[in-house]
Amino acid sequence: MSRQFKKICVIGVGYIGLPTAAILANSGYEVVGYDLDEFVVSELNQGRITISEPHLDELVRSEVEKGNLRGSTTIEEADVFSIAVPTPITKDKKADLSYVVAAANSIKDVVKKGNLVVLESTSPPGTVEECIVPILEKSGLNIGEDVFVAHSPERVIPGKILEELVENNRIIGGINLQSSEMVRDLFRSFVKGEMFITDSRTAEMCKLMENTYRDVNIALANELAVICESQGIDAWEVRELSNQHQRVNIHMPGPGVGGHCIAVDPWFIHEKEPEKSPLIHQSRVINDSMPAHVFEKVVKSVGKKGKVAVLGITYKPDVGDLRESPILKLIDMLKKDEANYEIAIHDPFIKEYNVDINTVISHADLVVLGVNHKQYLNVDFEAMHKLMRQKNILDTRGSWKNLIGEDSRFHYTLLGCGKR
Ligand code: SAJ
């Protein structure tokens, strides 16, 4: 625990703020989770969590019981303010910084000499310098001398947040060296990874580029998939063989990119430099076009009627997170089209759809594997075959290729494969 700080106010107790608050509490600090959402705060004060993340409930319950962590709907004085609010995207694909602005405004009213402000939320380059610092200056304090400010982007992956908060390397971009060093001292209490110091603009760009790197690579894989479908080639085989080369890492094609990060962050770069980011822009367009591509495959498989059973609707495997899920977009298309589909959904990670899989599959004309949850590797294909009306399978993840790809009793379509 850093001897410099005792009390930490985490602003925004959502996907990042809540696990961060719990870990800080567990590291010996007095932590207040400040959030405007009264329900979230009241649940927190009863030791309950409002997001789905493995092991977080136990940690939050125990820290609340020990009195190290509590929620509040009003901002309080503290030694450190950690901003972990959402930075959503507007309809015209611009960063909506209203939550960051609101957070900075609330800090401005209680900030004191010696305080540290850390922005964890993913933000366009320049947010710390051009948005947060000017607001904090209204407190009358000298920012950089009296109050220290840095950006240290969170880079944890949903499903492994608690583990990655501790194990991941951190980038710390202060408005000056002292700010960065103060964050490093704070993080030392729980971070086992390496910590790298830079300026705030660079830290902002690093985070955006990490997710953009993934997005561009996934777009390349998706483009390969579409090309292979018309060239009579299996993109999955191309990927497997090409990746034998030591300098090649082709990502996985799929029904599109979901989640709140990879599908959003590239826009924050494009917004700043629209003329200079055609590759980043085109990658977003390609990935966003994938649900419609899958929809066309549904129509090709069963026409515009019949029962479609969708297995897996979360944005990625083995998490209960639906944010920006491309499969939900596909389901919207199936519902909206003039077609007449009966849609049945199964997903073990979503309470509403954690239903009997046999009922979902029963009399289906098409089964779409939407997400490759581990559980779907153990599907009883004998039973599936018996239960289905027409034996059409559409695998959007390449998961069932080796299980039923060669089974002539099914009409198996694989996204990215032009061989069958
Ligand atoms: N996906 C593909 N093909 C692939 C890999 C992923 O289609 O080869 C799809 C997934 O199905 C999913 C989406 O991309 O729909 C994103 O999934 P993901 O697991 O790659 O990433 P996220 O969004 O869960 O988390 C990312 C992570 N960033 C990087 O790996 C660079 C995480 O470390 C970040 O903290 C997180 O974004 C964030 O909060 O920014």
# chains A, B, ... in the order shown; residues from 1 in each chain; ligands from 1
call {"tool": "closest_atom_pairs", "arguments": {"of": "chain A", "to": "ligand 1", "cutoff": "8 Å", "atoms": "only C-alpha atoms and all ligand atoms", "output": "tab-separated table"}}
result
residue	atom	partner	partner_atom_place_in_ligand_line	distance
A:Thr122	CA	ligand 1	40 (O)	7.1
A:Glu154	CA	ligand 1	35 (O)	5.7
A:Arg155	CA	ligand 1	35 (O)	3.0
A:Val156	CA	ligand 1	35 (O)	3.7
A:Ile157	CA	ligand 1	32 (C)	4.1
A:Pro158	CA	ligand 1	24 (O)	5.3
A:Lys207	CA	ligand 1	40 (O)	7.2
A:Leu208	CA	ligand 1	40 (O)	7.8
A:Glu210	CA	ligand 1	31 (C)	4.5
A:Asn211	CA	ligand 1	31 (C)	4.4
A:Thr212	CA	ligand 1	31 (C)	7.6
A:Tyr213	CA	ligand 1	31 (C)	7.1
A:Arg214	CA	ligand 1	31 (C)	5.9
A:Asp215	CA	ligand 1	14 (O)	7.3
A:Asn217	CA	ligand 1	8 (O)	7.6
A:Ile218	CA	ligand 1	3 (N)	5.1
A:Ala221	CA	ligand 1	3 (N)	7.6
A:Asn222	CA	ligand 1	7 (O)	7.9
A:Ile250	CA	ligand 1	8 (O)	7.7
A:His251	CA	ligand 1	8 (O)	3.9
A:Met252	CA	ligand 1	8 (O)	3.6
A:Pro253	CA	ligand 1	7 (O)	5.3
A:Gly254	CA	ligand 1	7 (O)	4.6
A:Pro255	CA	ligand 1	7 (O)	6.8
A:Gly256	CA	ligand 1	7 (O)	5.6
A:Val257	CA	ligand 1	15 (O)	4.0
A:Gly258	CA	ligand 1	15 (O)	3.6
A:Gly259	CA	ligand 1	23 (O)	4.7
A:His260	CA	ligand 1	23 (O)	6.1
A:Cys261	CA	ligand 1	40 (O)	4.3
A:Ile262	CA	ligand 1	23 (O)	5.0
A:Ala263	CA	ligand 1	13 (C)	7.5
A:Asp265	CA	ligand 1	40 (O)	7.5
A:Tyr315	CA	ligand 1	15 (O)	4.6
A:Lys316	CA	ligand 1	11 (O)	4.4
A:Pro317	CA	ligand 1	11 (O)	7.2
A:Ser325	CA	ligand 1	15 (O)	6.5
A:Pro326	CA	ligand 1	15 (O)	7.0
A:Val371	CA	ligand 1	11 (O)	7.5
call {"tool": "write_last_selection", "arguments": {"atoms": "N, CA, C and O atoms", "output": "short mmCIF file (atom, residue, chain, number, x, y, z; two decimals), in the first residue's frame"}}
result
data_model
loop_
_atom_site.label_atom_id
_atom_site.label_comp_id
_atom_site.auth_asym_id
_atom_site.auth_seq_id
_atom_site.Cartn_x
_atom_site.Cartn_y
_atom_site.Cartn_z
N THR A 122 -11.12 4.77 -21.57
CA THR A 122 -10.52 4.91 -22.90
C THR A 122 -11.01 6.22 -23.53
O THR A 122 -12.21 6.46 -23.60
N GLU A 154 -7.19 1.29 -18.81
CA GLU A 154 -7.43 -0.10 -18.41
C GLU A 154 -7.31 -0.96 -19.66
O GLU A 154 -7.68 -0.54 -20.74
N ARG A 155 -6.77 -2.16 -19.51
CA ARG A 155 -6.62 -3.05 -20.67
C ARG A 155 -7.03 -4.47 -20.32
O ARG A 155 -6.53 -5.44 -20.88
N VAL A 156 -7.95 -4.57 -19.35
CA VAL A 156 -8.37 -5.90 -18.89
C VAL A 156 -9.43 -6.48 -19.80
O VAL A 156 -10.22 -5.76 -20.39
N ILE A 157 -9.43 -7.79 -19.90
CA ILE A 157 -10.36 -8.45 -20.81
C ILE A 157 -11.55 -9.00 -20.01
O ILE A 157 -11.34 -9.65 -18.99
N PRO A 158 -12.77 -8.67 -20.44
CA PRO A 158 -13.93 -9.21 -19.72
C PRO A 158 -13.83 -10.73 -19.59
O PRO A 158 -13.42 -11.43 -20.51
N LYS A 207 -3.62 2.90 -25.95
CA LYS A 207 -4.81 2.10 -25.68
C LYS A 207 -5.68 1.97 -26.93
O LYS A 207 -6.14 0.88 -27.29
N LEU A 208 -5.87 3.08 -27.63
CA LEU A 208 -6.72 3.04 -28.83
C LEU A 208 -6.08 2.16 -29.90
O LEU A 208 -6.77 1.42 -30.61
N GLU A 210 -4.02 -0.39 -29.51
CA GLU A 210 -4.07 -1.83 -29.17
C GLU A 210 -5.37 -2.44 -29.69
O GLU A 210 -5.37 -3.49 -30.33
N ASN A 211 -6.47 -1.76 -29.42
CA ASN A 211 -7.76 -2.30 -29.88
C ASN A 211 -7.94 -2.14 -31.39
O ASN A 211 -8.57 -2.98 -32.04
N THR A 212 -7.36 -1.09 -31.94
CA THR A 212 -7.45 -0.89 -33.39
C THR A 212 -6.64 -1.96 -34.12
O THR A 212 -7.05 -2.47 -35.17
N TYR A 213 -5.51 -2.31 -33.55
CA TYR A 213 -4.68 -3.39 -34.11
C TYR A 213 -5.51 -4.66 -34.24
O TYR A 213 -5.50 -5.34 -35.27
N ARG A 214 -6.27 -4.97 -33.19
CA ARG A 214 -7.12 -6.16 -33.21
C ARG A 214 -8.21 -6.00 -34.28
O ARG A 214 -8.48 -6.91 -35.05
N ASP A 215 -8.81 -4.82 -34.31
CA ASP A 215 -9.94 -4.61 -35.24
C ASP A 215 -9.49 -4.74 -36.69
O ASP A 215 -10.15 -5.37 -37.51
N ASN A 217 -6.89 -6.34 -37.81
CA ASN A 217 -6.54 -7.73 -38.09
C ASN A 217 -7.76 -8.63 -38.23
O ASN A 217 -7.77 -9.54 -39.07
N ILE A 218 -8.78 -8.37 -37.42
CA ILE A 218 -10.01 -9.17 -37.54
C ILE A 218 -10.68 -8.84 -38.89
O ILE A 218 -11.20 -9.73 -39.56
N ALA A 221 -9.07 -10.81 -41.51
CA ALA A 221 -9.54 -12.21 -41.47
C ALA A 221 -10.94 -12.32 -42.07
O ALA A 221 -11.24 -13.28 -42.79
N ASN A 222 -11.79 -11.34 -41.77
CA ASN A 222 -13.15 -11.37 -42.31
C ASN A 222 -13.14 -11.17 -43.83
O ASN A 222 -13.92 -11.80 -44.56
N ILE A 250 -2.72 -14.51 -38.55
CA ILE A 250 -4.04 -14.14 -39.07
C ILE A 250 -5.07 -14.40 -37.96
O ILE A 250 -5.06 -15.46 -37.34
N HIS A 251 -5.91 -13.41 -37.70
CA HIS A 251 -6.92 -13.53 -36.65
C HIS A 251 -8.07 -14.42 -37.14
O HIS A 251 -8.06 -14.90 -38.26
N MET A 252 -9.08 -14.56 -36.28
CA MET A 252 -10.19 -15.44 -36.63
C MET A 252 -11.33 -14.67 -37.29
O MET A 252 -11.75 -13.64 -36.76
N PRO A 253 -11.82 -15.19 -38.42
CA PRO A 253 -13.03 -14.56 -38.97
C PRO A 253 -14.21 -14.87 -38.05
O PRO A 253 -14.12 -15.72 -37.18
N GLY A 254 -15.30 -14.17 -38.25
CA GLY A 254 -16.48 -14.41 -37.41
C GLY A 254 -17.64 -13.55 -37.86
O GLY A 254 -17.57 -12.88 -38.90
N PRO A 255 -18.71 -13.55 -37.05
CA PRO A 255 -19.92 -12.82 -37.46
C PRO A 255 -19.82 -11.31 -37.22
O PRO A 255 -20.80 -10.59 -37.42
N GLY A 256 -18.66 -10.84 -36.80
CA GLY A 256 -18.48 -9.40 -36.55
C GLY A 256 -17.78 -9.20 -35.22
O GLY A 256 -17.50 -10.15 -34.51
N VAL A 257 -17.51 -7.95 -34.91
CA VAL A 257 -16.77 -7.64 -33.68
C VAL A 257 -17.73 -7.00 -32.68
O VAL A 257 -18.38 -6.01 -32.96
N GLY A 258 -17.79 -7.63 -31.51
CA GLY A 258 -18.65 -7.08 -30.47
C GLY A 258 -17.85 -6.53 -29.32
O GLY A 258 -16.64 -6.34 -29.41
N GLY A 259 -18.55 -6.28 -28.21
CA GLY A 259 -17.89 -5.73 -27.03
C GLY A 259 -17.89 -4.22 -27.09
O GLY A 259 -18.21 -3.62 -28.12
N HIS A 260 -17.48 -3.65 -25.96
CA HIS A 260 -17.59 -2.20 -25.88
C HIS A 260 -16.29 -1.51 -26.27
O HIS A 260 -16.18 -0.29 -26.21
N CYS A 261 -15.30 -2.29 -26.72
CA CYS A 261 -13.97 -1.69 -26.87
C CYS A 261 -13.48 -1.72 -28.31
O CYS A 261 -13.28 -0.68 -28.93
N ILE A 262 -13.31 -2.93 -28.84
CA ILE A 262 -12.68 -3.05 -30.16
C ILE A 262 -13.57 -2.43 -31.24
O ILE A 262 -13.07 -1.84 -32.21
N ALA A 263 -14.90 -2.55 -31.06
CA ALA A 263 -15.82 -2.00 -32.06
C ALA A 263 -15.99 -0.48 -31.92
O ALA A 263 -16.64 0.15 -32.74
N ASP A 265 -13.27 1.82 -30.13
CA ASP A 265 -12.04 2.62 -30.01
C ASP A 265 -11.46 3.11 -31.34
O ASP A 265 -10.95 4.24 -31.40
N TYR A 315 -21.23 -11.48 -26.88
CA TYR A 315 -20.31 -10.93 -27.89
C TYR A 315 -19.06 -11.78 -28.08
O TYR A 315 -18.37 -11.64 -29.10
N LYS A 316 -18.80 -12.65 -27.14
CA LYS A 316 -17.67 -13.59 -27.30
C LYS A 316 -17.88 -14.78 -26.37
O LYS A 316 -18.77 -14.74 -25.51
N PRO A 317 -17.06 -15.84 -26.52
CA PRO A 317 -17.34 -17.05 -25.76
C PRO A 317 -17.17 -16.93 -24.26
O PRO A 317 -16.31 -16.19 -23.78
N SER A 325 -23.12 -7.11 -29.31
CA SER A 325 -22.98 -8.47 -29.87
C SER A 325 -23.44 -8.53 -31.32
O SER A 325 -24.56 -8.15 -31.65
N PRO A 326 -22.56 -9.02 -32.22
CA PRO A 326 -22.96 -9.10 -33.63
C PRO A 326 -24.10 -10.09 -33.86
O PRO A 326 -24.86 -9.96 -34.81
N VAL A 371 -21.91 -18.22 -31.12
CA VAL A 371 -20.74 -17.99 -30.27
C VAL A 371 -20.18 -19.34 -29.86
O VAL A 371 -20.94 -20.25 -29.54
#
call {"tool": "residues_around", "arguments": {"residues": "segment 389-392 of chain A", "least_positions_apart": "2", "cutoff": "10 Å", "atoms": "only C-alpha atoms", "output": "list in words"}}
result
Val298, Ser301, Val302, Gly306, Lys307, Val308, Ile361, Ser362, His363, Ala364, Asp365, Leu366, Val367, Val368, Met384, His385, Lys386, Leu387, Leu394, Asp395, Ser408, Arg409, Phe410, His411, Tyr412 and Thr413 of chain A
call {"tool": "select_by_dssp", "arguments": {"residues": "segment 274-411 of chain A", "states": "helix (DSSP H, G or I)", "output": "ChimeraX atom specification"}}
result
/A:274-276,278-288,290-302,326-336,351-353,357-361,374-378,381-387,401-404
call {"tool": "closest_residue", "arguments": {"among": "A:Thr396, A:Ser121, A:Asn354, A:Asn115", "to": "Asn372 of chain A", "atoms": "only C-alpha atoms"}}
result
A:Thr396
call {"tool": "residues_around", "arguments": {"residues": "His281 of chain A", "least_positions_apart": "3", "cutoff": "8 Å", "atoms": "only C-alpha atoms", "output": "list in words"}}
result
Pro266, Trp267, His270, Ser277, Pro278, Arg284 and Val285 of chain A
call {"tool": "select_by_dssp", "arguments": {"residues": "segment 49-147 of chain A", "states": "strand (DSSP E or B)", "output": "list in words"}}
result
Leu69, Arg70, Gly71, Ser72, Val80, Phe81, Ser82, Ile83, Ile89, Ala95, Leu116, Val117, Val118, Leu119, Ile143 and Val147 of chain A
call {"tool": "decode", "arguments": {"residues": "segment 258-291 of chain A", "atoms": "N, CA, C and O atoms", "output": "CSV table (one decimal), in the first residue's frame"}}
result
chain,number,residue,atom,x,y,z
A,258,GLY,N,-17.8,-7.6,-31.5
A,258,GLY,CA,-18.7,-7.1,-30.5
A,258,GLY,C,-17.8,-6.5,-29.3
A,258,GLY,O,-16.6,-6.3,-29.4
A,259,GLY,N,-18.5,-6.3,-28.2
A,259,GLY,CA,-17.9,-5.7,-27.0
A,259,GLY,C,-17.9,-4.2,-27.1
A,259,GLY,O,-18.2,-3.6,-28.1
A,260,HIS,N,-17.5,-3.7,-26.0
A,260,HIS,CA,-17.6,-2.2,-25.9
A,260,HIS,C,-16.3,-1.5,-26.3
A,260,HIS,O,-16.2,-0.3,-26.2
A,261,CYS,N,-15.3,-2.3,-26.7
A,261,CYS,CA,-14.0,-1.7,-26.9
A,261,CYS,C,-13.5,-1.7,-28.3
A,261,CYS,O,-13.3,-0.7,-28.9
A,262,ILE,N,-13.3,-2.9,-28.8
A,262,ILE,CA,-12.7,-3.0,-30.2
A,262,ILE,C,-13.6,-2.4,-31.2
A,262,ILE,O,-13.1,-1.8,-32.2
A,263,ALA,N,-14.9,-2.5,-31.1
A,263,ALA,CA,-15.8,-2.0,-32.1
A,263,ALA,C,-16.0,-0.5,-31.9
A,263,ALA,O,-16.6,0.2,-32.7
A,264,VAL,N,-15.4,0.1,-30.9
A,264,VAL,CA,-15.6,1.5,-30.6
A,264,VAL,C,-14.3,2.3,-30.7
A,264,VAL,O,-14.3,3.4,-31.4
A,265,ASP,N,-13.3,1.8,-30.1
A,265,ASP,CA,-12.0,2.6,-30.0
A,265,ASP,C,-11.5,3.1,-31.3
A,265,ASP,O,-11.0,4.2,-31.4
A,266,PRO,N,-11.5,2.3,-32.4
A,266,PRO,CA,-10.9,2.8,-33.7
A,266,PRO,C,-11.6,4.1,-34.1
A,266,PRO,O,-10.9,5.0,-34.7
A,267,TRP,N,-12.9,4.3,-33.8
A,267,TRP,CA,-13.5,5.5,-34.2
A,267,TRP,C,-12.9,6.8,-33.5
A,267,TRP,O,-13.0,7.9,-34.0
A,268,PHE,N,-12.4,6.6,-32.3
A,268,PHE,CA,-11.8,7.7,-31.5
A,268,PHE,C,-10.6,8.2,-32.2
A,268,PHE,O,-10.2,9.4,-32.1
A,269,ILE,N,-9.9,7.3,-33.0
A,269,ILE,CA,-8.7,7.8,-33.7
A,269,ILE,C,-9.2,8.4,-35.0
A,269,ILE,O,-8.8,9.5,-35.4
A,270,HIS,N,-10.2,7.8,-35.7
A,270,HIS,CA,-10.7,8.3,-36.9
A,270,HIS,C,-11.3,9.7,-36.8
A,270,HIS,O,-11.1,10.6,-37.6
A,271,GLU,N,-12.0,9.9,-35.6
A,271,GLU,CA,-12.6,11.2,-35.3
A,271,GLU,C,-11.5,12.3,-35.3
A,271,GLU,O,-11.8,13.4,-35.8
A,272,LYS,N,-10.4,12.0,-34.9
A,272,LYS,CA,-9.3,13.0,-34.8
A,272,LYS,C,-8.7,13.3,-36.1
A,272,LYS,O,-8.3,14.4,-36.4
A,273,GLU,N,-8.5,12.2,-36.9
A,273,GLU,CA,-7.8,12.3,-38.2
A,273,GLU,C,-8.5,11.6,-39.3
A,273,GLU,O,-8.0,10.6,-39.8
A,274,PRO,N,-9.7,12.0,-39.7
A,274,PRO,CA,-10.5,11.3,-40.6
A,274,PRO,C,-9.8,11.1,-42.0
A,274,PRO,O,-9.9,10.0,-42.6
A,275,GLU,N,-9.1,12.1,-42.5
A,275,GLU,CA,-8.4,11.9,-43.8
A,275,GLU,C,-7.2,11.0,-43.7
A,275,GLU,O,-6.8,10.4,-44.7
A,276,LYS,N,-6.7,10.8,-42.5
A,276,LYS,CA,-5.4,10.1,-42.4
A,276,LYS,C,-5.6,8.7,-41.9
A,276,LYS,O,-4.7,8.0,-41.6
A,277,SER,N,-6.9,8.2,-41.8
A,277,SER,CA,-7.1,6.9,-41.2
A,277,SER,C,-8.0,6.0,-42.1
A,277,SER,O,-9.0,5.4,-41.5
A,278,PRO,N,-7.8,6.0,-43.4
A,278,PRO,CA,-8.7,5.2,-44.2
A,278,PRO,C,-8.7,3.7,-43.9
A,278,PRO,O,-9.7,3.0,-44.0
A,279,LEU,N,-7.5,3.1,-43.5
A,279,LEU,CA,-7.4,1.7,-43.2
A,279,LEU,C,-8.3,1.4,-41.9
A,279,LEU,O,-9.0,0.4,-41.9
A,280,ILE,N,-8.1,2.2,-41.0
A,280,ILE,CA,-8.9,2.1,-39.7
A,280,ILE,C,-10.4,2.1,-40.0
A,280,ILE,O,-11.2,1.3,-39.5
A,281,HIS,N,-10.8,3.1,-40.8
A,281,HIS,CA,-12.2,3.3,-41.1
A,281,HIS,C,-12.7,2.1,-41.9
A,281,HIS,O,-13.8,1.5,-41.5
A,282,GLN,N,-12.0,1.6,-42.9
A,282,GLN,CA,-12.5,0.5,-43.7
A,282,GLN,C,-12.6,-0.8,-42.9
A,282,GLN,O,-13.5,-1.6,-43.1
A,283,SER,N,-11.7,-0.9,-41.9
A,283,SER,CA,-11.8,-2.1,-41.1
A,283,SER,C,-13.0,-2.1,-40.3
A,283,SER,O,-13.7,-3.2,-40.1
A,284,ARG,N,-13.4,-1.0,-39.8
A,284,ARG,CA,-14.7,-0.9,-39.0
A,284,ARG,C,-15.9,-1.2,-39.9
A,284,ARG,O,-16.8,-1.9,-39.6
A,285,VAL,N,-15.8,-0.7,-41.2
A,285,VAL,CA,-16.9,-1.0,-42.1
A,285,VAL,C,-17.0,-2.5,-42.4
A,285,VAL,O,-18.1,-3.1,-42.4
A,286,ILE,N,-15.9,-3.1,-42.6
A,286,ILE,CA,-15.8,-4.5,-42.9
A,286,ILE,C,-16.4,-5.3,-41.8
A,286,ILE,O,-17.3,-6.2,-41.9
A,287,ASN,N,-15.9,-5.1,-40.6
A,287,ASN,CA,-16.4,-5.8,-39.4
A,287,ASN,C,-17.9,-5.6,-39.1
A,287,ASN,O,-18.6,-6.5,-38.8
A,288,ASP,N,-18.3,-4.4,-39.4
A,288,ASP,CA,-19.7,-4.1,-39.1
A,288,ASP,C,-20.6,-4.7,-40.2
A,288,ASP,O,-21.8,-4.8,-40.0
A,289,SER,N,-20.0,-5.1,-41.3
A,289,SER,CA,-20.8,-5.7,-42.4
A,289,SER,C,-21.1,-7.2,-42.2
A,289,SER,O,-21.8,-7.8,-42.9
A,290,MET,N,-20.4,-7.8,-41.2
A,290,MET,CA,-20.4,-9.2,-41.1
A,290,MET,C,-21.8,-9.8,-40.7
A,290,MET,O,-22.2,-10.8,-41.2
A,291,PRO,N,-22.5,-9.1,-39.7
A,291,PRO,CA,-23.8,-9.7,-39.4
A,291,PRO,C,-24.7,-9.8,-40.7
A,291,PRO,O,-25.4,-10.8,-40.8
